[in-house]
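Structure record follows, encoded as structure tokens.
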Amino acid sequence: MHIVHTEADGGKGGQPLRIINESLGMVERGHQVTLLCPEEAPLSELARKAGLTVVNLPLKRKNISNLLSLRRWLNSHQVDVINSHNSADTWLVALANLFLPRAVPLVRTRHASGKPRNNRGTRWLFGTACTHVVTTGEALRYQLVDIGVPLEHSTSVPSGVDTARFKPGDKTEARRHCGLSVDDFWLGVVSHLRPNKGHSVLLQALAKIDNPRIKLAIVGEGPHRETLEQEIAALGLQERVVMAGHRSDPEQWFPAFDIALSPSHDMEGVPQGVLQSLASRVATIATDAGGTGDAIKNNETGLLIPQRNADALMAAIVRLYNDGALRKQLAQQGYDFLCRHLTRECMLDAMENVFTNACRAGQAR
């Protein structure tokens with residue numbers, strides 16, 4: 001198959017990483033993959049560095065000029081299926097299909113858990129123009145049902161983690177590599193620094209725990225960094241929090257943690273950090289944001305707590321700090337669950353099936 005991904009602009013978070021990871025996997029399986037996105041989109045540079053074929057097209061705005069550019073490109077290339085990732089590019093593909101000699105099957109992946117608008121245009125886009133819809137969490141499928149899209153018109157495919165990269169490791173060795181003290185109890189969070197990722201709530205929870213041995217490593221970069229540094233100072237946590245910044249080797253950090261956390265209240269599917277911590281066999285505490293519950297089954301594969309609740313987060317941390325056997329049990333059960341359901345190969349199998357069925361449906365029209 002020739003699979004074409006379109007993205008208007010998914011920022012620097014998990015969306016472009018999902019597209020790249022999936023695309024590389026499809027290339028490894030013998031498919032041709034092309035990525036269409038604006039030159040200024042972070043995906044453009046990231047995908048090129050990964051060795052993928054990228055074509056820069058203006059897809060950020062829904063207008064006639066951009067529609068004509070996309071239609072010209074599609075007219076001159078043989079494409080079997082298109083996978084769109086944002087609202088603007090999905091609309092452009094859907095409208096371009098109306099003016100092509102043969103419409104290309106369109107699969108829309110919804111990465112965020114924001115509820116779609118319930119109007120005639122949106123219902124046409126998801127229910128008719130899209131051959132199928134993929135969500136990155138099961139809960140996101142039911143948001144589509146609420147606007148009239150049949151459940152069978154969508155499939156949940158979480159962003160599978162590469163278990164050859166993210167895997168269990170020696171804690172002492174990992175801490176030395178990361179420059180973390182060997183004898184302290186380390187909490188860790190790996191994510192982009194945005195307000196909705198919940199770092200501020202985590203800092204409030206940590207400040208409630210009167211134990212200097214319990215420390216926190218924040219791995220990631222983003223626009224919220226300065227605010228977090230101010231909050232760390234205001235809470236008196238300078239000696240207990242490490243701001244590690246962006247790291248190209250997050251797989252080296254997870255094994256260093258006693259507990260990995262995802263305190264998000266963002267609109268997302270299943271956070272990559274959650275999957276990566278499970279793959280690293282680390283006990284995980286996460287909020288019930290988006291599709292996180294697909295991976296974290298409370299008291300089975302981790303602890304699932306309410307969003308924006310510093311007291312609940314504090315209690316979960318203290319519970320696992322005091323119960324080493326439970327930490328070990330949750331880490332192992334989370335790892336086993338991920339290996340069965342949430343690996344990169346699971347994702348590739350599911351997406352390959354979605355694309356194949358979409359192509360068949362397109363040929364039947």
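The chains in the structure tokens are called A, B, ... from first to last as shown; in each chain the residues are counted from 1, and the ligands are counted from 1 in the order shown.
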DSSP says alpha helix (DSSP H) for which residues of segment 146-319 of chain A? Put them as a ChimeraX atom specification? /A:171-178,199-207,225-234,250-253,272-279,310-319
Please provide as a PDB file with C-alpha atoms, in the first residue's frame all residues within 10 Å of segment 289-300 of chain A, with the sequence filter that same-chain residues fewer than 4 positions apart are discarded (counting only C-alpha atoms).
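Wrote it out as around.pdb, contents follow:
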ATOM      1  CA  HIS A 111      -5.282  11.914  19.166  1.00  0.00           C
ATOM      2  CA  ALA A 112      -7.037  14.213  21.649  1.00  0.00           C
ATOM      3  CA  SER A 113     -10.085  13.636  23.810  1.00  0.00           C
ATOM      4  CA  GLY A 114     -11.789  16.976  23.147  1.00  0.00           C
ATOM      5  CA  THR A 135      -8.947   6.965  18.207  1.00  0.00           C
ATOM      6  CA  THR A 136      -5.973   6.642  20.541  1.00  0.00           C
ATOM      7  CA  GLY A 137      -8.192   5.579  23.443  1.00  0.00           C
ATOM      8  CA  GLU A 138     -11.437   3.668  23.870  1.00  0.00           C
ATOM      9  CA  ALA A 139     -13.232   6.545  25.612  1.00  0.00           C
ATOM     10  CA  LEU A 140     -12.699   8.751  22.543  1.00  0.00           C
ATOM     11  CA  ARG A 141     -14.818   6.391  20.426  1.00  0.00           C
ATOM     12  CA  SER A 156      -9.286   2.388  19.217  1.00  0.00           C
ATOM     13  CA  PRO A 158      -3.347   3.315  21.292  1.00  0.00           C
ATOM     14  CA  LYS A 197       0.142  17.982  31.903  1.00  0.00           C
ATOM     15  CA  SER A 262       1.260  10.969  34.720  1.00  0.00           C
ATOM     16  CA  PRO A 263      -0.647  13.748  36.537  1.00  0.00           C
ATOM     17  CA  SER A 264      -2.231  15.023  33.318  1.00  0.00           C
ATOM     18  CA  HIS A 265      -5.576  16.745  32.931  1.00  0.00           C
ATOM     19  CA  ASP A 266      -4.969  17.175  29.206  1.00  0.00           C
ATOM     20  CA  MET A 267      -7.195  16.150  26.293  1.00  0.00           C
ATOM     21  CA  GLU A 268      -5.305  13.102  25.091  1.00  0.00           C
ATOM     22  CA  GLY A 269      -5.554   9.448  24.286  1.00  0.00           C
ATOM     23  CA  VAL A 270      -3.214   7.183  26.242  1.00  0.00           C
ATOM     24  CA  PRO A 271      -0.136   9.251  27.216  1.00  0.00           C
ATOM     25  CA  GLN A 272       3.132   7.947  25.805  1.00  0.00           C
ATOM     26  CA  VAL A 274       2.367   5.924  30.735  1.00  0.00           C
ATOM     27  CA  LEU A 275       3.093   3.262  28.131  1.00  0.00           C
ATOM     28  CA  LEU A 278       4.814   0.223  31.920  1.00  0.00           C
ATOM     29  CA  THR A 284       2.856   3.854  37.664  1.00  0.00           C
ATOM     30  CA  ILE A 285       0.384   6.391  39.050  1.00  0.00           C
ATOM     31  CA  LEU A 304      -5.604   5.475  38.628  1.00  0.00           C
ATOM     32  CA  ILE A 305      -6.626   8.653  40.442  1.00  0.00           C
ATOM     33  CA  PRO A 306      -8.856  11.690  39.775  1.00  0.00           C
ATOM     34  CA  GLN A 307      -7.509  14.654  37.841  1.00  0.00           C
ATOM     35  CA  ARG A 308      -6.406  17.924  39.517  1.00  0.00           C
ATOM     36  CA  LEU A 326       2.660  -3.556  45.902  1.00  0.00           C
ATOM     37  CA  GLN A 329       3.341  -6.298  41.856  1.00  0.00           C
ATOM     38  CA  LEU A 330       1.861  -3.341  39.927  1.00  0.00           C
ATOM     39  CA  ALA A 331       5.066  -2.907  37.932  1.00  0.00           C
ATOM     40  CA  GLN A 332       5.055  -6.563  36.842  1.00  0.00           C
ATOM     41  CA  GLN A 333       1.324  -6.686  36.079  1.00  0.00           C
ATOM     42  CA  GLY A 334       1.542  -3.418  34.149  1.00  0.00           C
ATOM     43  CA  PHE A 337      -0.472  -6.141  30.251  1.00  0.00           C
ATOM     44  CA  LEU A 338       1.483  -3.820  27.985  1.00  0.00           C
ATOM     45  CA  HIS A 341      -1.908  -5.337  24.298  1.00  0.00           C
ATOM     46  CA  LEU A 342       0.019  -2.082  23.877  1.00  0.00           C
TER      47      LEU A 342
END
Best match for closeness to Leu320 of chain A among A:Lys167, A:Phe254, A:Gln143, A:Ile214, counting only C-alpha atoms: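 Closest residue, counting only C-alpha atoms: A:Ile214.
Going from atom CA of Ser76 of chain A over to atom CA of Val27 of chain A, you cover 21.6 Å.
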Contact residues around Pro223 of chain A with only C-alpha atoms at 12 Å, ignoring same-chain residues under 4 positions, as JSON, numbers by chain: {"A": [12, 192, 193, 194, 195, 196, 197, 227, 228, 229, 245]}
